Amino acid sequence: MGFVVEDCFAFLNSINSCSTLNPVLSQMGSQQLRALPAPTSFLFPNNGAILRVQNGPLSLQLSTKNRVGDGVRSTSIDEIPPNAVRRKRNLQWRGGFSIGVDLGMARTGLAVSKGFTFRPLTVLKLRGQKLEDELIEIAKKQEADEFIIGLPKSSDGKETPQSNKVRSVAGRLAVRAADRGWRVYLMDEHGTSKEAIDRMINMGLSESSRRNKNDAYAAVMVLERYFFTSGDGTELVLPKNVYLQEKIRQGPPKDIDFFP
């Protein structure tokens, strides 16, 4: 899986001990790294894994395979398991719920997963901080502890111009969520809009209803894909602040209804 670097600049200190890392990075100083536009990613193989270092919120790609590199502190899927992984490991698991998010230019669809049910919540016509505030409030009401945000990709798996905008929102939301011990994940959403339309047609919804609810049902499709694949391929968005990263590792306070 990907490695988490708690501090992009501290990461430079460990470069020399990692002979497999890109030699270009080993000659970069902290001033040069600071000058890079955000987000900046470096991708290179290390024992079959991919490491992404960003000059901005860090991104950790999750898979069911754990890898450990030399000289870099790693965060394993065992340390910060998403709800989809917790459920796969224990069908009796009870805990926080998940909010699916389909971000658009003007409309944001939301869905929620509780247990093995997925349902649309609402469509928000908000942007910027007002959108982030409302996402936090909805998660509180739904007792959720993670956001699954759809990441726009093309049919061949490449990111699109819209991807950077989604990553920016996810990065800001991750900072807000981490303060509560919540997590923010990115999930490939390619094809979910069409799947949402097909679902609504099969349900017999009218054209006007489909138009109003399409974004919320697209968020349902993102959640279903996330759980049906057991979280494989999702990216955990981490704030740069090490204190917030530790709060994510600790998680939110345990619900006394489930953990008396």
# chains A, B, ... in the order shown; residues from 1 in each chain; ligands from 1
call {"tool": "residues_around", "arguments": {"residues": "stretch 174-187 of chain A", "least_positions_apart": "5", "cutoff": "6 Å", "atoms": "only C-alpha atoms", "output": "ChimeraX atom specification"}}
result
/A:145-151,234-237,239,244,247-248,251-252
call {"tool": "residues_around", "arguments": {"residues": "stretch 163-169 of chain A", "least_positions_apart": "2", "cutoff": "7 Å", "atoms": "only C-alpha atoms", "output": "ChimeraX atom specification"}}
result
/A:103,151-152,159-161,171-173
call {"tool": "write_last_selection", "arguments": {"atoms": "N, CA, C and O atoms", "output": "PDB file, in the first residue's frame"}}
result
ATOM      1  N   LEU A 103     -19.489  15.089  -5.486  1.00  0.00           N
ATOM      2  CA  LEU A 103     -19.240  16.524  -5.614  1.00  0.00           C
ATOM      3  C   LEU A 103     -19.420  16.978  -7.057  1.00  0.00           C
ATOM      4  O   LEU A 103     -18.873  16.376  -7.979  1.00  0.00           O
ATOM      5  N   LEU A 151     -14.182  10.378  -6.758  1.00  0.00           N
ATOM      6  CA  LEU A 151     -13.115  11.066  -7.485  1.00  0.00           C
ATOM      7  C   LEU A 151     -13.319  10.857  -8.980  1.00  0.00           C
ATOM      8  O   LEU A 151     -13.297   9.723  -9.459  1.00  0.00           O
ATOM      9  N   PRO A 152     -13.537  11.939  -9.742  1.00  0.00           N
ATOM     10  CA  PRO A 152     -13.777  11.793 -11.179  1.00  0.00           C
ATOM     11  C   PRO A 152     -12.549  11.220 -11.899  1.00  0.00           C
ATOM     12  O   PRO A 152     -11.439  11.742 -11.747  1.00  0.00           O
ATOM     13  N   GLU A 159      -7.023  10.592 -14.057  1.00  0.00           N
ATOM     14  CA  GLU A 159      -7.757  11.676 -13.431  1.00  0.00           C
ATOM     15  C   GLU A 159      -8.097  12.763 -14.449  1.00  0.00           C
ATOM     16  O   GLU A 159      -7.417  12.924 -15.455  1.00  0.00           O
ATOM     17  N   THR A 160      -9.146  13.493 -14.170  1.00  0.00           N
ATOM     18  CA  THR A 160      -9.663  14.512 -15.072  1.00  0.00           C
ATOM     19  C   THR A 160      -9.410  15.901 -14.476  1.00  0.00           C
ATOM     20  O   THR A 160      -8.996  16.017 -13.312  1.00  0.00           O
ATOM     21  N   PRO A 161      -9.645  16.964 -15.237  1.00  0.00           N
ATOM     22  CA  PRO A 161      -9.488  18.314 -14.669  1.00  0.00           C
ATOM     23  C   PRO A 161     -10.336  18.536 -13.420  1.00  0.00           C
ATOM     24  O   PRO A 161      -9.950  19.268 -12.512  1.00  0.00           O
ATOM     25  N   GLY A 171      -9.314  17.775   0.724  1.00  0.00           N
ATOM     26  CA  GLY A 171      -8.227  18.154   1.621  1.00  0.00           C
ATOM     27  C   GLY A 171      -8.696  19.081   2.729  1.00  0.00           C
ATOM     28  O   GLY A 171      -8.323  18.915   3.894  1.00  0.00           O
ATOM     29  N   ARG A 172      -9.522  20.054   2.377  1.00  0.00           N
ATOM     30  CA  ARG A 172     -10.038  20.970   3.399  1.00  0.00           C
ATOM     31  C   ARG A 172     -10.979  20.246   4.353  1.00  0.00           C
ATOM     32  O   ARG A 172     -10.944  20.462   5.570  1.00  0.00           O
ATOM     33  N   LEU A 173     -11.825  19.379   3.807  1.00  0.00           N
ATOM     34  CA  LEU A 173     -12.759  18.636   4.653  1.00  0.00           C
ATOM     35  C   LEU A 173     -12.010  17.691   5.588  1.00  0.00           C
ATOM     36  O   LEU A 173     -12.418  17.488   6.735  1.00  0.00           O
TER      37      LEU A 173
END
call {"tool": "residues_around", "arguments": {"residues": "A:Lys141", "least_positions_apart": "4", "cutoff": "12 Å", "atoms": "only C-alpha atoms", "output": "MDAnalysis selection string"}}
result
chainID A and resid 96:99 112 121 134:137 145
call {"tool": "closest_atom_pairs", "arguments": {"of": "stretch 139-257 of chain A", "to": "stretch 113-120 of chain A", "cutoff": "8 Å", "atoms": "only C-alpha atoms", "output": "JSON lines"}}
result
{"residue": "A:Ala216", "atom": "CA", "partner": "A:Pro120", "partner_atom": "CA", "distance": 5.1}
{"residue": "A:Tyr217", "atom": "CA", "partner": "A:Pro120", "partner_atom": "CA", "distance": 5.7}
{"residue": "A:Ala219", "atom": "CA", "partner": "A:Pro120", "partner_atom": "CA", "distance": 7.2}
{"residue": "A:Val220", "atom": "CA", "partner": "A:Pro120", "partner_atom": "CA", "distance": 6.0}
{"residue": "A:Leu223", "atom": "CA", "partner": "A:Ser113", "partner_atom": "CA", "distance": 7.1}
{"residue": "A:Glu224", "atom": "CA", "partner": "A:Phe118", "partner_atom": "CA", "distance": 7.2}
call {"tool": "write_last_selection", "arguments": {"atoms": "N, CA and C atoms", "output": "CSV table (one decimal), in the first residue's frame"}}
result
chain,number,residue,atom,x,y,z
A,216,ALA,N,-27.8,12.5,-5.6
A,216,ALA,CA,-27.8,11.7,-4.3
A,216,ALA,C,-27.7,10.2,-4.6
A,217,TYR,N,-28.3,9.8,-5.7
A,217,TYR,CA,-28.2,8.4,-6.1
A,217,TYR,C,-26.8,8.0,-6.6
A,219,ALA,N,-24.2,9.3,-5.3
A,219,ALA,CA,-23.5,9.1,-4.0
A,219,ALA,C,-23.7,7.7,-3.5
A,220,VAL,N,-25.0,7.2,-3.7
A,220,VAL,CA,-25.3,5.8,-3.2
A,220,VAL,C,-24.4,4.8,-4.0
A,223,LEU,N,-20.9,4.7,-2.6
A,223,LEU,CA,-20.9,3.9,-1.3
A,223,LEU,C,-21.0,2.4,-1.6
A,224,GLU,N,-21.9,2.1,-2.5
A,224,GLU,CA,-22.0,0.6,-2.8
A,224,GLU,C,-20.7,0.1,-3.4
call {"tool": "closest_residue", "arguments": {"among": "A:Asp188, A:Asp198, A:Asp215, A:Glu246", "to": "A:Gly157", "atoms": "only C-alpha atoms"}}
result
A:Asp188
call {"tool": "closest_residue", "arguments": {"among": "A:Arg211, A:Gly233, A:Glu79, A:Met221", "to": "A:Arg199", "atoms": "only C-alpha atoms"}}
result
A:Met221
call {"tool": "atom_distance", "arguments": {"atom1": "atom CA of A:Pro82", "atom2": "atom CA of A:Gly95"}}
result
11.0 Å
call {"tool": "select_by_dssp", "arguments": {"residues": "stretch 155-251 of chain A", "states": "helix (DSSP H, G or I)", "output": "PyMOL selection string"}}
result
chain A and resi 161-178+192-202+207-228+242-250
call {"tool": "atom_distance", "arguments": {"atom1": "atom CA of A:Tyr226", "atom2": "atom CA of A:Val85"}}
result
9.8 Å
